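Take a look at the structure below.
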Amino acid sequence: MRRGERRGHGGALGKAALEEQPPQPNGGAPAAAAARPPPPGAERDGPGLRRSTESEVYDDGTNTFFWRAHTLTVLFILTCALGYVTLLEETPQDTAYNTKRGIVASILVFLCFGVTQAKDGPFSRPHPAYWRFWLCVSVVYELFLIFILFQTVQDGRQFMKYIDPHLGVPLPERDYGGNCLIYDPGNETDPFHNIWDKLDGFVPAHFFGWYLKTLMIRDWWMCMIISVMFEFLEYSLEHQLPNFSECWWDHWIMDVILCNGLGIYCGMKTLSWLSLKTYKWQGLWNIPTYKGKMKRIVFQFTPYSWVKFEWKPASSLRRWLAVCGIIFVFLLAELNTFYLKFVLWMPPEHYLVLLRLVFFVNVGGVAMREIYDFMDDPKFHKKLGQQAWLVAAITATEFLIVVKYDPYTLTLSLPFYITQCWILGIILVLTWTAWRFFIRDITLRYKEIRRQKQEHKYEKDKCLSNGDGHSSILDEQNGNKLRERKL
């Protein structure tokens with residue numbers, strides 16, 4: 001959000017706070033909640049109210065050069081750059097080079113427009129333009145995926161050569177499972193060589209990946225379910241992709257317990273600190289000490305406010321289906337990482353793979369907040385957020401590319417025992433869903449009706465026990481009505 005909009009929604013005092021406040025009934029100072037509107041996403045049940053899971057924000061409303069939109073400045077610089085290329089630069093006689101350059105220039109112009117003009121999302125730190133940039137990158141990436149989807153398999157793979165000449169080549173066969181002995185007595189030089197071979201750059205990537213996913217999801221149970229479910233998916237699909245074939249201790253000790261578990265633990269500790277942090281914002285030049293200024297600069301990269309996610313999947317069928325959908329999309333996006341590398345012939349260490357992960361880290365947090373607001377406050381958030389919509393579309397398009405480019409691999413049948421396990425798991429989930437949201441509700445409703453009938457029968461018997469067929473309670477109510485009529 002631009003600063004002017006953020007002040008109206010994000011809880012800044014602004015000019016109205018400097019004006020004279022009307023006198024309060026109790027003769028005291030005006031309440032702070034009345035001077036501060038609720039932050040974005042707060043419940044709109046009444047003026048000045050916010051969700052119980054949302055932190056309170058104090059903002060002095062400073063509007064500096066940093067927070068202004070600069071639409072004219074960006075337009076002037078962009079026009080000057082295009083004018084320089086048109087008037088002063090000689091166009092090379094290389095069709096391929098000019099095509100690449102024209103595509104890159106078109107993308108940059110679109111990003112400049114989006115950064116200054118696109119709709120703001122729920123985040124405003126470190127700057128709203130940062131999140132508008134990633135929103136526009138999402139659009140560009142989705143358009144690129146649509147283009148790849150409409151190519152033939154051979155043309156799509158060879159098109160990757162325009163991005164990197166080293167791509168478009170079949171990947172070499174690699175042995176991922178191999179020797180799974182933790183202690184290898186046959187190797188006298190280093191019996192633990194299998195463990196050291198697994199300690200590569202992907203170990204810290206797993207840790208930081210799950211640390212950031214925890215900050216997105218903000219729920220320990222959901223993170224653990226996704227982590228364990230993905231290991232089961234690797235077990236189930238190792239006959240399709242060779243890099244899913246890992247040792248048992250690599251699955252459960254190094255991944256689930258050490259990398260993923262430690263990342264989730266650190267993420268939950270960070271969430272606890274963010275929920276307890278005081279969100280009091282001052283303009284940089286309003287802080288007197290240099291230490292305070294440096295602290296303010298660092299805190300610029302922390303959230304403007306904080307909302308604790310309470311998913312409550314068992315509270316209603318709508319929330320249960322939403323949580324199941326979130327877990328499904330998360331797992332599908334994780335699988336797309338491996339399958340896209342396989343079908344587009346990209347080695348795991350290629351920079352495009354890393355850029356895709358960086359992209360999802362930046363757009364995933366915004367998408368999760370928009371999904372939570374849409375699910376938790378449907379009266380105010382009447383439609384799914386723009387970033388969440390794009391993330392869902394990107395995940396689906398990536399999967400469609402995998403289906404088109406290598407249907408043979410995807411149609412390799414699962415082993416019989418794995419199929420039995422998944423069928424059993426699906427049946428258990430469906431059974432629990434039917435019991436929790438249908439059978440249990442019907443049973444509780446029947447018990448409530450039966451209890452009401454028993455109470456009614458008891459009141460009727462009590463009335464008859466007075467001898468005149470009327471209860472003392474009814475006599476008292478009739479007497480009150482007569483007195484009201486006389487008055």
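In the structure tokens, chains take the letters A, B, ... in the order shown, each chain's residues start at 1, and ligands count up from 1 in the order shown.
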* If you run DSSP over the backbone, which residues in stretch 217-345 of chain A end up strand (DSSP E or B)? Put them as number ranges by chain. => A: 279-281, 307
Please list as a PDB file with N, CA and C atoms, in the first residue's frame every residue within 12 Å of A:Phe328, counting only C-alpha atoms and excluding residues in the same chain fewer than 3 positions away.
ATOM      1  N   MET A 222      -0.127 -28.133  11.090  1.00  0.00           N
ATOM      2  CA  MET A 222      -0.183 -28.143   9.627  1.00  0.00           C
ATOM      3  C   MET A 222       1.199 -28.333   9.021  1.00  0.00           C
ATOM      4  N   ILE A 225       2.192 -32.014   9.438  1.00  0.00           N
ATOM      5  CA  ILE A 225       1.420 -32.868   8.538  1.00  0.00           C
ATOM      6  C   ILE A 225       1.969 -32.778   7.116  1.00  0.00           C
ATOM      7  N   ILE A 226       2.252 -31.562   6.651  1.00  0.00           N
ATOM      8  CA  ILE A 226       2.800 -31.402   5.297  1.00  0.00           C
ATOM      9  C   ILE A 226       4.177 -32.049   5.197  1.00  0.00           C
ATOM     10  N   MET A 229       3.659 -35.889   5.274  1.00  0.00           N
ATOM     11  CA  MET A 229       2.954 -36.318   4.070  1.00  0.00           C
ATOM     12  C   MET A 229       3.869 -36.309   2.857  1.00  0.00           C
ATOM     13  N   PHE A 230       4.766 -35.333   2.772  1.00  0.00           N
ATOM     14  CA  PHE A 230       5.663 -35.282   1.615  1.00  0.00           C
ATOM     15  C   PHE A 230       6.638 -36.458   1.627  1.00  0.00           C
ATOM     16  N   LEU A 233       4.814 -39.232   0.204  1.00  0.00           N
ATOM     17  CA  LEU A 233       4.731 -39.085  -1.246  1.00  0.00           C
ATOM     18  C   LEU A 233       6.032 -39.502  -1.920  1.00  0.00           C
ATOM     19  N   LEU A 321     -12.443 -28.202   4.789  1.00  0.00           N
ATOM     20  CA  LEU A 321     -12.139 -28.331   3.364  1.00  0.00           C
ATOM     21  C   LEU A 321     -11.074 -27.324   2.939  1.00  0.00           C
ATOM     22  N   ALA A 322     -11.108 -26.124   3.527  1.00  0.00           N
ATOM     23  CA  ALA A 322     -10.096 -25.113   3.184  1.00  0.00           C
ATOM     24  C   ALA A 322      -8.714 -25.557   3.636  1.00  0.00           C
ATOM     25  N   VAL A 323      -8.588 -26.091   4.844  1.00  0.00           N
ATOM     26  CA  VAL A 323      -7.292 -26.558   5.329  1.00  0.00           C
ATOM     27  C   VAL A 323      -6.799 -27.738   4.497  1.00  0.00           C
ATOM     28  N   CYS A 324      -7.690 -28.660   4.160  1.00  0.00           N
ATOM     29  CA  CYS A 324      -7.294 -29.782   3.295  1.00  0.00           C
ATOM     30  C   CYS A 324      -6.833 -29.281   1.932  1.00  0.00           C
ATOM     31  N   GLY A 325      -7.510 -28.265   1.399  1.00  0.00           N
ATOM     32  CA  GLY A 325      -7.086 -27.693   0.124  1.00  0.00           C
ATOM     33  C   GLY A 325      -5.724 -27.025   0.204  1.00  0.00           C
ATOM     34  N   LEU A 331       1.522 -29.533  -1.082  1.00  0.00           N
ATOM     35  CA  LEU A 331       2.177 -30.767  -1.515  1.00  0.00           C
ATOM     36  C   LEU A 331       2.335 -30.808  -3.034  1.00  0.00           C
ATOM     37  N   LEU A 332       1.341 -30.325  -3.768  1.00  0.00           N
ATOM     38  CA  LEU A 332       1.450 -30.301  -5.221  1.00  0.00           C
ATOM     39  C   LEU A 332       2.560 -29.363  -5.686  1.00  0.00           C
ATOM     40  N   ALA A 333       2.677 -28.200  -5.034  1.00  0.00           N
ATOM     41  CA  ALA A 333       3.759 -27.282  -5.384  1.00  0.00           C
ATOM     42  C   ALA A 333       5.128 -27.897  -5.096  1.00  0.00           C
ATOM     43  N   GLU A 334       5.232 -28.647  -3.994  1.00  0.00           N
ATOM     44  CA  GLU A 334       6.494 -29.329  -3.684  1.00  0.00           C
ATOM     45  C   GLU A 334       6.819 -30.377  -4.748  1.00  0.00           C
ATOM     46  N   LEU A 335       5.819 -31.153  -5.160  1.00  0.00           N
ATOM     47  CA  LEU A 335       6.051 -32.164  -6.183  1.00  0.00           C
ATOM     48  C   LEU A 335       6.400 -31.520  -7.527  1.00  0.00           C
ATOM     49  N   ALA A 392      -2.420 -20.234  -6.876  1.00  0.00           N
ATOM     50  CA  ALA A 392      -3.186 -21.426  -7.225  1.00  0.00           C
ATOM     51  C   ALA A 392      -3.135 -21.689  -8.728  1.00  0.00           C
ATOM     52  N   THR A 395       0.408 -23.038  -9.646  1.00  0.00           N
ATOM     53  CA  THR A 395       0.571 -24.442  -9.242  1.00  0.00           C
ATOM     54  C   THR A 395      -0.160 -25.376 -10.190  1.00  0.00           C
ATOM     55  N   ALA A 396      -1.377 -25.016 -10.571  1.00  0.00           N
ATOM     56  CA  ALA A 396      -2.136 -25.856 -11.498  1.00  0.00           C
ATOM     57  C   ALA A 396      -1.489 -25.900 -12.878  1.00  0.00           C
TER      58      ALA A 396
END
* Within 10 Å of A:Phe309, counting only C-alpha atoms, which residues show up once you throw out same-chain ones fewer than 3 positions away? Write them as a list in words, please. => Thr53, Glu54, Met216, Ile217, Arg218, Asp219, Trp306, Lys312, Met368, Arg369, Tyr372, Asp373 and Asp376 of chain A
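Non-sequential neighbours of stretch 403-411 of chain A (distance at most 12 Å, separation of 6 or more positions within a chain, only C-alpha atoms) are A:Ile148, A:Leu149, A:Phe150, A:Gln151, A:Thr152, A:Val153, A:Gln154, A:Asp155, A:Gly156, A:Arg157, A:Leu237, A:Glu238, A:His239, A:Gln240, A:Leu241, A:Pro242, A:Leu335, A:Asn336, A:Tyr339, A:Leu340, A:Lys341, A:Phe342, A:Val343, A:Leu344, A:Trp345, A:Ala396, A:Thr397.
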Show me, as a JSON list (two decimals) with all heavy atoms, in the first residue's frame, the residues that have an atom within 12 Å of A:Thr419 when counting only C-alpha atoms, minus same-chain residues fewer than 6 positions from it.
[["chain", "number", "residue", "atom", "x", "y", "z"],
["A", 232, "PHE", "N", 5.91, -39.41, 2.75],
["A", 232, "PHE", "CA", 5.11, -40.53, 2.25],
["A", 232, "PHE", "C", 4.95, -40.45, 0.73],
["A", 232, "PHE", "O", 4.94, -41.48, 0.05],
["A", 232, "PHE", "CB", 3.74, -40.55, 2.93],
["A", 232, "PHE", "CG", 3.75, -41.14, 4.30],
["A", 232, "PHE", "CD1", 3.36, -40.40, 5.41],
["A", 232, "PHE", "CD2", 4.15, -42.46, 4.50],
["A", 232, "PHE", "CE1", 3.37, -40.96, 6.68],
["A", 232, "PHE", "CE2", 4.16, -43.03, 5.76],
["A", 232, "PHE", "CZ", 3.78, -42.28, 6.85],
["A", 233, "LEU", "N", 4.81, -39.23, 0.20],
["A", 233, "LEU", "CA", 4.73, -39.08, -1.25],
["A", 233, "LEU", "C", 6.03, -39.50, -1.92],
["A", 233, "LEU", "O", 6.02, -40.10, -3.00],
["A", 233, "LEU", "CB", 4.39, -37.63, -1.60],
["A", 233, "LEU", "CG", 2.95, -37.19, -1.36],
["A", 233, "LEU", "CD1", 2.80, -35.70, -1.60],
["A", 233, "LEU", "CD2", 2.00, -37.97, -2.26],
["A", 235, "TYR", "N", 8.11, -41.78, -0.81],
["A", 235, "TYR", "CA", 8.07, -43.24, -0.79],
["A", 235, "TYR", "C", 7.18, -43.78, -1.92],
["A", 235, "TYR", "O", 7.51, -44.76, -2.58],
["A", 235, "TYR", "CB", 7.53, -43.74, 0.55],
["A", 235, "TYR", "CG", 8.59, -43.98, 1.60],
["A", 235, "TYR", "CD1", 8.55, -43.30, 2.81],
["A", 235, "TYR", "CD2", 9.62, -44.89, 1.39],
["A", 235, "TYR", "CE1", 9.52, -43.50, 3.78],
["A", 235, "TYR", "CE2", 10.58, -45.12, 2.36],
["A", 235, "TYR", "CZ", 10.53, -44.42, 3.55],
["A", 235, "TYR", "OH", 11.48, -44.64, 4.50],
["A", 236, "SER", "N", 6.03, -43.13, -2.11],
["A", 236, "SER", "CA", 5.04, -43.64, -3.06],
["A", 236, "SER", "C", 5.46, -43.43, -4.51],
["A", 236, "SER", "O", 5.07, -44.21, -5.38],
["A", 236, "SER", "CB", 3.69, -42.96, -2.82],
["A", 236, "SER", "OG", 3.27, -43.12, -1.48],
["A", 237, "LEU", "N", 6.24, -42.39, -4.79],
["A", 237, "LEU", "CA", 6.54, -42.01, -6.17],
["A", 237, "LEU", "C", 7.99, -42.26, -6.55],
["A", 237, "LEU", "O", 8.44, -41.76, -7.59],
["A", 237, "LEU", "CB", 6.20, -40.53, -6.39],
["A", 237, "LEU", "CG", 4.74, -40.14, -6.13],
["A", 237, "LEU", "CD1", 4.57, -38.63, -6.22],
["A", 237, "LEU", "CD2", 3.82, -40.85, -7.11],
["A", 413, "SER", "N", 2.02, -47.11, -12.81],
["A", 413, "SER", "CA", 1.13, -47.54, -11.73],
["A", 413, "SER", "C", 1.88, -47.68, -10.42],
["A", 413, "SER", "O", 3.06, -48.07, -10.39],
["A", 413, "SER", "CB", 0.46, -48.87, -12.10],
["A", 413, "SER", "OG", 1.45, -49.86, -12.31],
["A", 425, "GLY", "N", -5.93, -44.68, 3.82],
["A", 425, "GLY", "CA", -5.84, -43.33, 4.36],
["A", 425, "GLY", "C", -6.99, -42.45, 3.90],
["A", 425, "GLY", "O", -7.58, -41.70, 4.70],
["A", 426, "ILE", "N", -7.34, -42.53, 2.62],
["A", 426, "ILE", "CA", -8.45, -41.72, 2.10],
["A", 426, "ILE", "C", -9.76, -42.13, 2.75],
["A", 426, "ILE", "O", -10.59, -41.28, 3.11],
["A", 426, "ILE", "CB", -8.51, -41.86, 0.57],
["A", 426, "ILE", "CG1", -7.28, -41.20, -0.06],
["A", 426, "ILE", "CG2", -9.78, -41.22, 0.03],
["A", 426, "ILE", "CD1", -7.16, -41.44, -1.56]]
Pull the closest atom pair for each residue of stretch 356-468 of chain A that gets at most 10 Å from stretch 125-138 of chain A, along with the distance in Å to one decimal, counting only C-alpha atoms, ordering rows by chain and then ascending residue number, as JSON lines.
{"residue": "A:Phe359", "atom": "CA", "partner": "A:Trp134", "partner_atom": "CA", "distance": 7.7}
{"residue": "A:Phe360", "atom": "CA", "partner": "A:Ser138", "partner_atom": "CA", "distance": 9.3}
{"residue": "A:Asn362", "atom": "CA", "partner": "A:Trp134", "partner_atom": "CA", "distance": 7.0}
{"residue": "A:Val363", "atom": "CA", "partner": "A:Trp134", "partner_atom": "CA", "distance": 6.6}
{"residue": "A:Val366", "atom": "CA", "partner": "A:Trp131", "partner_atom": "CA", "distance": 8.2}
{"residue": "A:Gln386", "atom": "CA", "partner": "A:Leu135", "partner_atom": "CA", "distance": 8.1}
{"residue": "A:Gln387", "atom": "CA", "partner": "A:Leu135", "partner_atom": "CA", "distance": 6.3}
{"residue": "A:Ala388", "atom": "CA", "partner": "A:Leu135", "partner_atom": "CA", "distance": 9.9}
{"residue": "A:Leu390", "atom": "CA", "partner": "A:Ser138", "partner_atom": "CA", "distance": 6.6}
{"residue": "A:Val391", "atom": "CA", "partner": "A:Ser138", "partner_atom": "CA", "distance": 7.6}
{"residue": "A:Ala393", "atom": "CA", "partner": "A:Ser138", "partner_atom": "CA", "distance": 9.8}
{"residue": "A:Ile394", "atom": "CA", "partner": "A:Ser138", "partner_atom": "CA", "distance": 8.0}
Let me see the file: selected residues, N, CA, C and O atoms, as a compact mmCIF listing (two decimals), in the first residue's frame.
# COMPACT_ATOMS: atom_id res chain seq x y z
N PHE A 359 11.00 -17.22 -5.52
CA PHE A 359 9.71 -16.66 -5.92
C PHE A 359 8.59 -17.13 -5.01
O PHE A 359 7.80 -16.33 -4.50
N PHE A 360 8.52 -18.45 -4.74
CA PHE A 360 7.45 -18.97 -3.90
C PHE A 360 7.59 -18.52 -2.46
O PHE A 360 6.58 -18.38 -1.75
N ASN A 362 8.50 -15.57 -1.53
CA ASN A 362 7.99 -14.20 -1.44
C ASN A 362 6.48 -14.11 -1.67
O ASN A 362 5.82 -13.28 -1.05
N VAL A 363 5.96 -14.94 -2.56
CA VAL A 363 4.52 -14.85 -2.83
C VAL A 363 3.71 -15.75 -1.90
O VAL A 363 2.51 -15.51 -1.71
N VAL A 366 2.18 -13.89 1.32
CA VAL A 366 1.04 -13.04 1.00
C VAL A 366 -0.18 -13.89 0.67
O VAL A 366 -1.31 -13.60 1.11
N GLN A 386 -5.73 -11.52 -4.73
CA GLN A 386 -5.11 -11.60 -6.05
C GLN A 386 -3.86 -12.48 -6.03
O GLN A 386 -3.64 -13.28 -6.96
N GLN A 387 -3.04 -12.39 -5.00
CA GLN A 387 -1.84 -13.19 -4.95
C GLN A 387 -2.17 -14.67 -4.71
O GLN A 387 -1.55 -15.55 -5.31
N ALA A 388 -3.14 -14.95 -3.87
CA ALA A 388 -3.56 -16.33 -3.64
C ALA A 388 -4.13 -16.93 -4.92
O ALA A 388 -3.87 -18.11 -5.25
N LEU A 390 -3.31 -16.14 -8.00
CA LEU A 390 -2.20 -16.39 -8.92
C LEU A 390 -1.37 -17.60 -8.50
O LEU A 390 -0.95 -18.39 -9.34
N VAL A 391 -1.14 -17.76 -7.20
CA VAL A 391 -0.36 -18.91 -6.73
C VAL A 391 -1.10 -20.21 -7.07
O VAL A 391 -0.48 -21.19 -7.52
N ALA A 393 -3.23 -20.63 -9.53
CA ALA A 393 -3.18 -20.79 -10.99
C ALA A 393 -1.80 -21.28 -11.43
O ALA A 393 -1.69 -22.14 -12.33
N ILE A 394 -0.74 -20.75 -10.83
CA ILE A 394 0.62 -21.17 -11.17
C ILE A 394 0.85 -22.63 -10.83
O ILE A 394 1.41 -23.40 -11.62
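Closest to A:Ile418 among A:Glu234, A:Lys277, A:Lys383, A:Phe123 is A:Glu234, based on only C-alpha atoms.
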* What are the DSSP helix (DSSP H, G or I) residues of stretch 143-234 of chain A, as a PyMOL selection string? -> chain A and resi 143-149+153-163+193-198+202-217+220-234
* **Distance query stretch 76-89 of chain A at most 8 Å, only C-alpha atoms, self and fewer than 3 positions along chain excluded, as number ranges by chain** => A: 72-73, 109
* Distance in Å - atom CA of A:Gln454 versus atom CA of A:Arg440 -> 21.1 Å
* Please, what distance in Å, to one decimal, runs between atom CA of A:Thr337 and atom CA of A:Phe416? ->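 Those two atoms sit 26.0 Å apart.
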* May I ask which of the residues A:Leu111, A:Pro185, A:Gln158, A:Val353 is the closest one to A:Val139, counting only C-alpha atoms? =>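 Of the candidates, the smallest distance to A:Val139 is held by A:Leu111.
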* To do: Give me, please, the distance in Å between atom CA of A:Tyr304 and atom CA of A:Thr64, quoted to one decimal.
  =>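 Going from atom CA of A:Tyr304 over to atom CA of A:Thr64, I get 16.3 Å.
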